[in-house]
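K.L.:
Sharing input22.cif here; it has mmCIF, C-alpha atoms, pLDDT in the B column; chains and numbers go by the auth columns.
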```
data_run
#
loop_
_atom_site.group_PDB
_atom_site.id
_atom_site.type_symbol
_atom_site.label_atom_id
_atom_site.label_comp_id
_atom_site.label_asym_id
_atom_site.label_seq_id
_atom_site.Cartn_x
_atom_site.Cartn_y
_atom_site.Cartn_z
_atom_site.B_iso_or_equiv
_atom_site.auth_seq_id
_atom_site.auth_asym_id
ATOM 1 C CA MET A 1 1.774 11.685 -12.541 43.00 1 A
ATOM 2 C CA ARG A 2 3.953 13.400 -15.130 42.00 2 A
ATOM 3 C CA ALA A 3 7.545 14.532 -14.653 43.00 3 A
ATOM 4 C CA GLY A 4 7.675 17.891 -12.933 44.00 4 A
ATOM 5 C CA GLU A 5 4.231 17.518 -11.367 60.00 5 A
ATOM 6 C CA GLU A 6 3.872 17.434 -7.615 82.00 6 A
ATOM 7 C CA ARG A 7 2.266 14.292 -6.236 88.00 7 A
ATOM 8 C CA GLU A 8 -1.175 14.389 -4.809 94.00 8 A
ATOM 9 C CA ARG A 9 -1.158 14.125 -0.990 96.00 9 A
ATOM 10 C CA TRP A 10 -3.467 11.662 0.686 97.00 10 A
ATOM 11 C CA GLU A 11 -4.259 11.191 4.352 96.00 11 A
ATOM 12 C CA SER A 12 -4.274 7.767 5.957 95.00 12 A
ATOM 13 C CA LEU A 13 -7.200 6.912 8.200 94.00 13 A
ATOM 14 C CA PRO A 14 -6.116 3.765 10.062 92.00 14 A
ATOM 15 C CA ASN A 15 -8.479 0.840 9.462 89.00 15 A
ATOM 16 C CA VAL A 16 -10.829 3.133 7.524 96.00 16 A
ATOM 17 C CA GLY A 17 -8.990 3.890 4.278 96.00 17 A
ATOM 18 C CA VAL A 18 -6.611 6.277 2.578 97.00 18 A
ATOM 19 C CA GLY A 19 -7.255 9.450 0.587 96.00 19 A
ATOM 20 C CA PRO A 20 -10.759 9.329 -0.886 97.00 20 A
ATOM 21 C CA LEU A 21 -10.905 5.516 -0.639 98.00 21 A
ATOM 22 C CA ARG A 22 -12.667 3.670 2.183 98.00 22 A
ATOM 23 C CA PHE A 23 -12.386 -0.020 2.935 97.00 23 A
ATOM 24 C CA GLY A 24 -15.538 -1.871 1.990 97.00 24 A
ATOM 25 C CA MET A 25 -16.168 0.181 -1.168 98.00 25 A
ATOM 26 C CA SER A 26 -17.217 -1.602 -4.346 97.00 26 A
ATOM 27 C CA SER A 27 -15.206 -1.280 -7.555 95.00 27 A
ATOM 28 C CA ALA A 28 -17.690 1.281 -8.902 96.00 28 A
ATOM 29 C CA GLU A 29 -17.433 3.336 -5.690 97.00 29 A
ATOM 30 C CA VAL A 30 -13.607 3.283 -5.906 97.00 30 A
ATOM 31 C CA ALA A 31 -13.716 4.530 -9.509 96.00 31 A
ATOM 32 C CA ASP A 32 -16.202 7.228 -8.506 97.00 32 A
ATOM 33 C CA ALA A 33 -14.024 8.329 -5.542 97.00 33 A
ATOM 34 C CA LEU A 34 -11.004 8.535 -7.862 97.00 34 A
ATOM 35 C CA GLN A 35 -13.135 10.457 -10.384 95.00 35 A
ATOM 36 C CA VAL A 36 -12.433 8.024 -13.231 95.00 36 A
ATOM 37 C CA SER A 37 -14.709 5.842 -15.352 93.00 37 A
ATOM 38 C CA GLY A 38 -12.945 2.663 -14.253 89.00 38 A
ATOM 39 C CA PRO A 39 -9.606 0.921 -13.810 92.00 39 A
ATOM 40 C CA GLN A 40 -6.930 0.804 -16.499 93.00 40 A
ATOM 41 C CA GLU A 41 -6.275 -2.898 -15.850 91.00 41 A
ATOM 42 C CA ARG A 42 -7.805 -5.762 -13.910 91.00 42 A
ATOM 43 C CA ALA A 43 -6.257 -8.993 -12.619 87.00 43 A
ATOM 44 C CA GLY A 44 -8.006 -11.989 -11.109 78.00 44 A
ATOM 45 C CA GLY A 45 -6.862 -14.450 -8.498 72.00 45 A
ATOM 46 C CA PRO A 46 -8.084 -15.014 -4.963 71.00 46 A
ATOM 47 C CA TYR A 47 -8.260 -11.227 -4.533 80.00 47 A
ATOM 48 C CA ARG A 48 -9.255 -9.118 -7.507 88.00 48 A
ATOM 49 C CA ARG A 49 -6.853 -6.297 -8.353 91.00 49 A
ATOM 50 C CA GLU A 50 -7.606 -3.117 -10.263 94.00 50 A
ATOM 51 C CA ASP A 51 -4.939 -0.674 -11.384 94.00 51 A
ATOM 52 C CA PHE A 52 -6.014 2.932 -11.708 94.00 52 A
ATOM 53 C CA ALA A 53 -4.267 5.954 -13.180 89.00 53 A
ATOM 54 C CA ASP A 54 -1.714 7.814 -11.105 91.00 54 A
ATOM 55 C CA GLY A 55 -0.228 4.779 -9.380 94.00 55 A
ATOM 56 C CA VAL A 56 -3.176 3.488 -7.364 96.00 56 A
ATOM 57 C CA ALA A 57 -3.895 -0.252 -7.122 94.00 57 A
ATOM 58 C CA ALA A 58 -7.010 -1.522 -5.363 95.00 58 A
ATOM 59 C CA PHE A 59 -7.460 -5.066 -4.031 93.00 59 A
ATOM 60 C CA TYR A 60 -10.857 -6.540 -3.229 94.00 60 A
ATOM 61 C CA ASP A 61 -11.953 -9.356 -0.950 90.00 61 A
ATOM 62 C CA ALA A 62 -15.483 -10.624 -1.656 91.00 62 A
ATOM 63 C CA GLY A 63 -16.031 -7.592 -3.899 92.00 63 A
ATOM 64 C CA LYS A 64 -15.139 -5.038 -1.209 95.00 64 A
ATOM 65 C CA LEU A 65 -12.032 -2.837 -1.068 96.00 65 A
ATOM 66 C CA ALA A 66 -9.524 -4.421 1.323 94.00 66 A
ATOM 67 C CA CYS A 67 -6.149 -2.963 0.320 93.00 67 A
ATOM 68 C CA VAL A 68 -4.806 0.114 -1.474 95.00 68 A
ATOM 69 C CA ALA A 69 -1.247 0.098 -2.838 94.00 69 A
ATOM 70 C CA LEU A 70 0.418 3.324 -3.944 95.00 70 A
ATOM 71 C CA ASP A 71 3.164 3.297 -6.558 95.00 71 A
ATOM 72 C CA ALA A 72 6.562 4.394 -5.251 95.00 72 A
ATOM 73 C CA VAL A 73 6.984 6.970 -8.028 95.00 73 A
ATOM 74 C CA THR A 74 3.610 7.828 -9.545 94.00 74 A
ATOM 75 C CA GLY A 75 1.213 7.229 -6.658 95.00 75 A
ATOM 76 C CA PRO A 76 -0.131 9.779 -4.213 97.00 76 A
ATOM 77 C CA GLN A 77 2.109 10.586 -1.253 97.00 77 A
ATOM 78 C CA VAL A 78 1.116 9.770 2.307 97.00 78 A
ATOM 79 C CA TYR A 79 3.018 11.072 5.323 97.00 79 A
ATOM 80 C CA LEU A 80 3.445 9.510 8.740 96.00 80 A
ATOM 81 C CA ALA A 81 4.355 12.237 11.249 95.00 81 A
ATOM 82 C CA GLY A 82 5.951 14.278 8.456 95.00 82 A
ATOM 83 C CA PHE A 83 7.824 11.347 6.880 97.00 83 A
ATOM 84 C CA ALA A 84 6.978 10.637 3.219 96.00 84 A
ATOM 85 C CA LEU A 85 6.200 6.918 2.890 97.00 85 A
ATOM 86 C CA ALA A 86 6.440 6.495 -0.910 96.00 86 A
ATOM 87 C CA GLY A 87 9.610 6.687 -2.967 96.00 87 A
ATOM 88 C CA ARG A 88 12.129 6.485 -0.119 96.00 88 A
ATOM 89 C CA ASP A 89 15.130 4.280 0.368 96.00 89 A
ATOM 90 C CA PRO A 90 13.504 1.112 1.778 95.00 90 A
ATOM 91 C CA GLU A 91 16.078 0.730 4.557 95.00 91 A
ATOM 92 C CA GLN A 92 15.594 4.341 5.667 96.00 92 A
ATOM 93 C CA ALA A 93 11.800 3.943 5.576 96.00 93 A
ATOM 94 C CA HIS A 94 12.020 0.646 7.456 95.00 94 A
ATOM 95 C CA GLN A 95 14.128 2.243 10.201 97.00 95 A
ATOM 96 C CA TYR A 96 11.719 5.177 10.418 97.00 96 A
ATOM 97 C CA LEU A 97 8.813 2.794 11.018 97.00 97 A
ATOM 98 C CA LEU A 98 10.782 0.948 13.707 97.00 98 A
ATOM 99 C CA ASP A 99 11.606 4.214 15.466 97.00 99 A
ATOM 100 C CA TYR A 100 8.042 5.494 15.100 97.00 100 A
ATOM 101 C CA ALA A 101 6.616 2.274 16.549 97.00 101 A
ATOM 102 C CA ALA A 102 9.029 2.385 19.494 97.00 102 A
ATOM 103 C CA GLU A 103 8.068 5.989 20.263 97.00 103 A
ATOM 104 C CA HIS A 104 4.296 5.565 19.818 96.00 104 A
ATOM 105 C CA GLY A 105 3.796 1.992 21.020 95.00 105 A
ATOM 106 C CA ASN A 106 2.568 0.664 17.684 93.00 106 A
ATOM 107 C CA CYS A 107 2.274 -3.054 16.964 92.00 107 A
ATOM 108 C CA LEU A 108 4.978 -4.245 14.577 93.00 108 A
ATOM 109 C CA LEU A 109 4.721 -7.206 12.263 90.00 109 A
ATOM 110 C CA TYR A 110 7.031 -8.676 9.668 89.00 110 A
ATOM 111 C CA THR A 111 5.156 -10.358 6.815 83.00 111 A
ATOM 112 C CA PRO A 112 6.455 -13.569 5.200 78.00 112 A
ATOM 113 C CA ASP A 113 8.236 -11.501 2.519 79.00 113 A
ATOM 114 C CA ASP A 114 10.083 -9.476 5.223 83.00 114 A
ATOM 115 C CA SER A 115 7.987 -6.351 4.703 88.00 115 A
ATOM 116 C CA LEU A 116 7.289 -4.331 7.826 92.00 116 A
ATOM 117 C CA SER A 117 3.813 -3.453 9.005 92.00 117 A
ATOM 118 C CA LEU A 118 2.400 -1.233 11.722 94.00 118 A
ATOM 119 C CA THR A 119 -0.705 -3.348 12.155 91.00 119 A
ATOM 120 C CA ASP A 120 -2.680 -0.907 14.295 92.00 120 A
ATOM 121 C CA LEU A 121 -2.259 1.712 11.552 95.00 121 A
ATOM 122 C CA GLY A 122 -3.069 -0.736 8.752 93.00 122 A
ATOM 123 C CA LEU A 123 0.210 0.211 7.077 95.00 123 A
ATOM 124 C CA LEU A 124 2.426 -2.231 5.216 93.00 124 A
ATOM 125 C CA LEU A 125 5.650 -0.968 3.674 94.00 125 A
ATOM 126 C CA ARG A 126 7.134 -2.876 0.773 92.00 126 A
ATOM 127 C CA ALA A 127 9.946 -2.243 -1.678 91.00 127 A
ATOM 128 C CA GLN A 128 9.278 -1.656 -5.371 91.00 128 A
ATOM 129 C CA GLN A 129 11.924 -2.122 -8.046 90.00 129 A
ATOM 130 C CA ILE A 130 12.089 0.822 -10.468 90.00 130 A
ATOM 131 C CA ALA A 131 14.844 0.238 -13.041 91.00 131 A
ATOM 132 C CA ASP A 132 18.024 -0.188 -10.936 93.00 132 A
ATOM 133 C CA VAL A 133 16.585 1.325 -7.759 94.00 133 A
ATOM 134 C CA ARG A 134 14.391 -0.040 -4.974 93.00 134 A
ATOM 135 C CA LEU A 135 11.971 2.437 -3.430 95.00 135 A
ATOM 136 C CA SER A 136 9.430 2.225 -0.625 95.00 136 A
ATOM 137 C CA ARG A 137 5.832 1.518 -1.570 94.00 137 A
ATOM 138 C CA PRO A 138 3.100 1.969 1.063 95.00 138 A
ATOM 139 C CA LEU A 139 0.054 -0.253 1.257 94.00 139 A
ATOM 140 C CA PHE A 140 -2.993 0.383 3.381 95.00 140 A
ATOM 141 C CA VAL A 141 -4.673 -2.829 4.446 93.00 141 A
ATOM 142 C CA ILE A 142 -7.791 -3.835 6.345 93.00 142 A
ATOM 143 C CA GLU A 143 -7.085 -4.922 9.901 87.00 143 A
ATOM 144 C CA GLU A 144 -8.240 -8.506 9.302 87.00 144 A
ATOM 145 C CA TRP A 145 -5.514 -9.091 6.699 85.00 145 A
ATOM 146 C CA LEU A 146 -2.751 -8.088 9.112 82.00 146 A
ATOM 147 C CA ASP A 147 -4.256 -9.658 12.244 81.00 147 A
ATOM 148 C CA SER A 148 -4.793 -13.081 10.686 78.00 148 A
ATOM 149 C CA GLU A 149 -1.861 -15.375 9.972 77.00 149 A
ATOM 150 C CA TYR A 150 -3.958 -16.939 7.205 73.00 150 A
ATOM 151 C CA TYR A 151 -4.313 -13.621 5.367 73.00 151 A
ATOM 152 C CA ARG A 152 -0.759 -12.434 6.095 69.00 152 A
ATOM 153 C CA GLU A 153 0.625 -15.517 4.386 69.00 153 A
ATOM 154 C CA ARG A 154 -1.627 -14.933 1.386 67.00 154 A
ATOM 155 C CA LEU A 155 -1.334 -11.193 0.845 68.00 155 A
ATOM 156 C CA PRO A 156 -2.381 -10.703 -2.787 56.00 156 A
ATOM 157 C CA LEU A 157 0.460 -8.456 -3.768 55.00 157 A
ATOM 158 C CA GLU A 158 2.877 -10.555 -5.768 45.00 158 A
ATOM 159 C CA GLY A 159 3.191 -11.335 -9.441 43.00 159 A
ATOM 160 C CA THR A 160 2.673 -7.821 -10.755 39.00 160 A
ATOM 161 C CA PRO A 161 4.386 -6.482 -13.867 37.00 161 A
ATOM 162 C CA ALA A 162 8.129 -5.960 -13.422 32.00 162 A
ATOM 163 C CA THR A 163 8.013 -2.275 -14.371 33.00 163 A
ATOM 164 C CA HIS A 164 5.721 -1.327 -11.506 34.00 164 A
ATOM 165 C CA GLY A 165 5.498 -4.433 -9.375 36.00 165 A
ATOM 166 C CA TRP A 166 6.293 -5.383 -5.867 32.00 166 A
ATOM 167 C CA ALA A 167 9.824 -6.679 -5.576 33.00 167 A
ATOM 168 C CA ARG A 168 10.405 -9.869 -3.709 29.00 168 A
ATOM 169 C CA PRO A 169 13.334 -9.714 -1.297 32.00 169 A
ATOM 170 C CA SER A 170 16.588 -11.216 -2.534 30.00 170 A
#
```
When written as structure tokens, how does the structure in this file appear?
P.N.:
Amino acid sequence: MRAGEERERWESLPNVGVGPLRFGMSSAEVADALQVSGPQERAGGPYRREDFADGVAAFYDAGKLACVALDAVTGPQVYLAGFALAGRDPEQAHQYLLDYAAEHGNCLLYTPDDSLSLTDLGLLLRAQQIADVRLSRPLFVIEEWLDSEYYRERLPLEGTPATHGWARPS
């Protein structure tokens, strides 16, 4: 996304996917859905990560899409009941999720890094450090990763480049 451009808007489909991406897709299917020839970068590890243009990161488990992370500044925007999830003050976004969960009876979960998740929506909200500012970064995760303590403790979202990475809480 370039300065002055409006972000693309994506819809979240709980436990199905987000925007044009569906959980279970292969890497080639993700690239096709994003209408690109392939990712800009790849990283290995227990869960393969691919970074695509416009602030979209895809994580795979056994070769199938299991998590989509949207950059706080350059990624598509997703709304929850009219509230923009990306690029917000993390404390304000955190409080919004707490209030939303209380009103709608959603299941709340804090991950080991103190991120907040609405597990039944497959939504995990993290903070991303951009220069001197921390902004909210939404992640859309398969149900198994949030339901299982094993997976929650091993979420594959750390160790990304400092310029556009996930910030660990201080």
K.L.:
With the cut-off set at 8 Å and counting only C-alpha atoms, tabulate each residue of region 77-133 of chain A with an atom at most that distance from an atom of region 13-19 of chain A, showing the nearest atom pair and its distance in Å to one decimal, ordered by chain and increasing number, as a tab-separated table.
P.N.:
```
residue	atom	partner	partner_atom	distance
A:Asp120	CA	A:Pro14	CA	7.2
A:Leu121	CA	A:Pro14	CA	4.6
A:Gly122	CA	A:Pro14	CA	5.6
A:Leu123	CA	A:Pro14	CA	7.8
```
K.L.:
Quick one: which residues end up in the PyMOL selection byres ((chain A and resi 30-41) around 9) for this structure, as an MDAnalysis selection string?
P.N.:
chainID A and resid 20:22 25:29 42:43 49:53 57:58 65
K.L.:
Next, dump the selected residues to file, keeping only C-alpha atoms, as a PDB file, in the coordinates of the input.
P.N.:
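Result went into again-v8.pdb, see below:
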```pdb
ATOM      1  CA  PRO A  20     -10.759   9.329  -0.886  1.00 97.00           C
ATOM      2  CA  LEU A  21     -10.905   5.516  -0.639  1.00 98.00           C
ATOM      3  CA  ARG A  22     -12.667   3.670   2.183  1.00 98.00           C
ATOM      4  CA  MET A  25     -16.168   0.181  -1.168  1.00 98.00           C
ATOM      5  CA  SER A  26     -17.217  -1.602  -4.346  1.00 97.00           C
ATOM      6  CA  SER A  27     -15.206  -1.280  -7.555  1.00 95.00           C
ATOM      7  CA  ALA A  28     -17.690   1.281  -8.902  1.00 96.00           C
ATOM      8  CA  GLU A  29     -17.433   3.336  -5.690  1.00 97.00           C
ATOM      9  CA  ARG A  42      -7.805  -5.762 -13.910  1.00 91.00           C
ATOM     10  CA  ALA A  43      -6.257  -8.993 -12.619  1.00 87.00           C
ATOM     11  CA  ARG A  49      -6.853  -6.297  -8.353  1.00 91.00           C
ATOM     12  CA  GLU A  50      -7.606  -3.117 -10.263  1.00 94.00           C
ATOM     13  CA  ASP A  51      -4.939  -0.674 -11.384  1.00 94.00           C
ATOM     14  CA  PHE A  52      -6.014   2.932 -11.708  1.00 94.00           C
ATOM     15  CA  ALA A  53      -4.267   5.954 -13.180  1.00 89.00           C
ATOM     16  CA  ALA A  57      -3.895  -0.252  -7.122  1.00 94.00           C
ATOM     17  CA  ALA A  58      -7.010  -1.522  -5.363  1.00 95.00           C
ATOM     18  CA  LEU A  65     -12.032  -2.837  -1.068  1.00 96.00           C
TER      19      LEU A  65
END
```
K.L.:
How would you write, as a list in words, the residues chosen by the PyMOL selection byres ((chain A and resi 46) around 8) on this structure?
P.N.:
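Output from the PyMOL selection byres ((chain A and resi 46) around 8), applied to this file: Gly44, Gly45, Tyr47, Arg48, Asp61 and Pro156 of chain A.
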K.L.:
Take the PyMOL selection byres ((chain A and resi 107) around 8), run it mentally on this structure, and tell me the resulting residues as a list in words.
P.N.:
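Taken on the displayed file, the PyMOL selection byres ((chain A and resi 107) around 8) yields the residues Ala101, Gly105, Asn106, Leu108, Leu109, Leu118, Thr119 and Asp120 of chain A.
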K.L.:
When you draw a straight line from CA of Pro138 (chain A) to CA of Ala86 (chain A), how long is it in Å?
P.N.:
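That distance, rounded to one decimal, is 6.0 Å.
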K.L.:
Counting only C-alpha atoms, which of A:Asp71, A:Ala66, A:Tyr60, A:Leu97 gets nearest to Val141 (chain A)?
P.N.:
A:Ala66
K.L.:
CA of Asp54 (chain A) to CA of Ser115 (chain A): how many Å, to one decimal?
P.N.:
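Taking CA of Asp54 (chain A) and CA of Ser115 (chain A), their separation equals 23.3 Å.
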K.L.:
What is the CA of Gly63 (chain A)-CA of Gly24 (chain A) distance in Å, reported with one decimal?
P.N.:
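Straight-line distance from CA of Gly63 (chain A) to CA of Gly24 (chain A) works out to 8.2 Å.
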K.L.:
Do a neighbour search on Gly82 (chain A) at 12 Å with only C-alpha atoms, toss out local chain neighbours closer than 2 positions, and write the hits as a list in words.
P.N.:
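The residues that qualify are Arg9, Glu11, Gln77, Val78, Tyr79, Leu80, Ala84, Leu85, Tyr96 and Tyr100 of chain A.
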K.L.:
Kindly write N, CA and C atoms of region 110-135 of chain A from the structure just given to a file, as a PDB file, in the first residue's frame.
P.N.:
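Final file, selection-v5.pdb:
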```
ATOM      1  N   TYR A 110      -5.999 -15.413  26.453  1.00  0.00           N
ATOM      2  CA  TYR A 110      -4.730 -14.706  26.397  1.00  0.00           C
ATOM      3  C   TYR A 110      -3.664 -15.708  26.008  1.00  0.00           C
ATOM      4  N   THR A 111      -2.859 -15.388  25.002  1.00  0.00           N
ATOM      5  CA  THR A 111      -1.778 -16.273  24.577  1.00  0.00           C
ATOM      6  C   THR A 111      -0.561 -16.022  25.471  1.00  0.00           C
ATOM      7  N   PRO A 112       0.432 -16.900  25.429  1.00  0.00           N
ATOM      8  CA  PRO A 112       1.602 -16.738  26.299  1.00  0.00           C
ATOM      9  C   PRO A 112       2.314 -15.392  26.163  1.00  0.00           C
ATOM     10  N   ASP A 113       2.156 -14.704  25.037  1.00  0.00           N
ATOM     11  CA  ASP A 113       2.788 -13.389  24.882  1.00  0.00           C
ATOM     12  C   ASP A 113       1.845 -12.242  25.267  1.00  0.00           C
ATOM     13  N   ASP A 114       0.740 -12.568  25.954  1.00  0.00           N
ATOM     14  CA  ASP A 114      -0.254 -11.595  26.418  1.00  0.00           C
ATOM     15  C   ASP A 114      -1.080 -10.961  25.301  1.00  0.00           C
ATOM     16  N   SER A 115      -1.109 -11.593  24.132  1.00  0.00           N
ATOM     17  CA  SER A 115      -2.019 -11.150  23.084  1.00  0.00           C
ATOM     18  C   SER A 115      -3.407 -11.676  23.425  1.00  0.00           C
ATOM     19  N   LEU A 116      -4.420 -11.005  22.926  1.00  0.00           N
ATOM     20  CA  LEU A 116      -5.795 -11.385  23.206  1.00  0.00           C
ATOM     21  C   LEU A 116      -6.411 -12.031  21.974  1.00  0.00           C
ATOM     22  N   SER A 117      -7.151 -13.101  22.209  1.00  0.00           N
ATOM     23  CA  SER A 117      -7.799 -13.809  21.119  1.00  0.00           C
ATOM     24  C   SER A 117      -9.276 -14.019  21.429  1.00  0.00           C
ATOM     25  N   LEU A 118     -10.093 -13.896  20.408  1.00  0.00           N
ATOM     26  CA  LEU A 118     -11.484 -14.342  20.455  1.00  0.00           C
ATOM     27  C   LEU A 118     -11.471 -15.659  19.704  1.00  0.00           C
ATOM     28  N   THR A 119     -11.343 -16.751  20.453  1.00  0.00           N
ATOM     29  CA  THR A 119     -11.073 -18.050  19.839  1.00  0.00           C
ATOM     30  C   THR A 119     -12.178 -18.511  18.901  1.00  0.00           C
ATOM     31  N   ASP A 120     -13.430 -18.248  19.242  1.00  0.00           N
ATOM     32  CA  ASP A 120     -14.522 -18.702  18.383  1.00  0.00           C
ATOM     33  C   ASP A 120     -14.588 -17.922  17.072  1.00  0.00           C
ATOM     34  N   LEU A 121     -13.905 -16.783  17.001  1.00  0.00           N
ATOM     35  CA  LEU A 121     -13.828 -16.024  15.755  1.00  0.00           C
ATOM     36  C   LEU A 121     -12.504 -16.278  15.029  1.00  0.00           C
ATOM     37  N   GLY A 122     -11.594 -17.016  15.675  1.00  0.00           N
ATOM     38  CA  GLY A 122     -10.296 -17.265  15.068  1.00  0.00           C
ATOM     39  C   GLY A 122      -9.463 -16.007  14.939  1.00  0.00           C
ATOM     40  N   LEU A 123      -9.674 -15.048  15.820  1.00  0.00           N
ATOM     41  CA  LEU A 123      -9.008 -13.757  15.766  1.00  0.00           C
ATOM     42  C   LEU A 123      -8.005 -13.635  16.900  1.00  0.00           C
ATOM     43  N   LEU A 124      -6.803 -13.269  16.559  1.00  0.00           N
ATOM     44  CA  LEU A 124      -5.742 -13.007  17.528  1.00  0.00           C
ATOM     45  C   LEU A 124      -5.252 -11.605  17.253  1.00  0.00           C
ATOM     46  N   LEU A 125      -5.189 -10.765  18.277  1.00  0.00           N
ATOM     47  CA  LEU A 125      -4.754  -9.392  18.090  1.00  0.00           C
ATOM     48  C   LEU A 125      -3.423  -9.190  18.790  1.00  0.00           C
ATOM     49  N   ARG A 126      -2.434  -8.823  18.013  1.00  0.00           N
ATOM     50  CA  ARG A 126      -1.095  -8.566  18.532  1.00  0.00           C
ATOM     51  C   ARG A 126      -0.730  -7.110  18.304  1.00  0.00           C
ATOM     52  N   ALA A 127       0.388  -6.708  18.901  1.00  0.00           N
ATOM     53  CA  ALA A 127       0.919  -5.367  18.685  1.00  0.00           C
ATOM     54  C   ALA A 127       2.126  -5.466  17.769  1.00  0.00           C
ATOM     55  N   GLN A 128       2.264  -4.495  16.886  1.00  0.00           N
ATOM     56  CA  GLN A 128       3.389  -4.433  15.955  1.00  0.00           C
ATOM     57  C   GLN A 128       4.101  -3.113  16.160  1.00  0.00           C
ATOM     58  N   GLN A 129       5.399  -3.154  16.299  1.00  0.00           N
ATOM     59  CA  GLN A 129       6.202  -1.947  16.480  1.00  0.00           C
ATOM     60  C   GLN A 129       6.517  -1.357  15.107  1.00  0.00           C
ATOM     61  N   ILE A 130       6.113  -0.104  14.903  1.00  0.00           N
ATOM     62  CA  ILE A 130       6.409   0.640  13.683  1.00  0.00           C
ATOM     63  C   ILE A 130       7.108   1.921  14.137  1.00  0.00           C
ATOM     64  N   ALA A 131       8.411   1.985  13.915  1.00  0.00           N
ATOM     65  CA  ALA A 131       9.229   3.108  14.397  1.00  0.00           C
ATOM     66  C   ALA A 131       9.022   3.238  15.908  1.00  0.00           C
ATOM     67  N   ASP A 132       8.506   4.381  16.367  1.00  0.00           N
ATOM     68  CA  ASP A 132       8.320   4.616  17.807  1.00  0.00           C
ATOM     69  C   ASP A 132       6.917   4.291  18.293  1.00  0.00           C
ATOM     70  N   VAL A 133       6.098   3.718  17.435  1.00  0.00           N
ATOM     71  CA  VAL A 133       4.684   3.507  17.757  1.00  0.00           C
ATOM     72  C   VAL A 133       4.349   2.018  17.713  1.00  0.00           C
ATOM     73  N   ARG A 134       3.473   1.601  18.619  1.00  0.00           N
ATOM     74  CA  ARG A 134       2.936   0.237  18.581  1.00  0.00           C
ATOM     75  C   ARG A 134       1.505   0.318  18.070  1.00  0.00           C
ATOM     76  N   LEU A 135       1.193  -0.540  17.106  1.00  0.00           N
ATOM     77  CA  LEU A 135      -0.134  -0.552  16.499  1.00  0.00           C
ATOM     78  C   LEU A 135      -0.678  -1.978  16.496  1.00  0.00           C
TER      79      LEU A 135
END
```
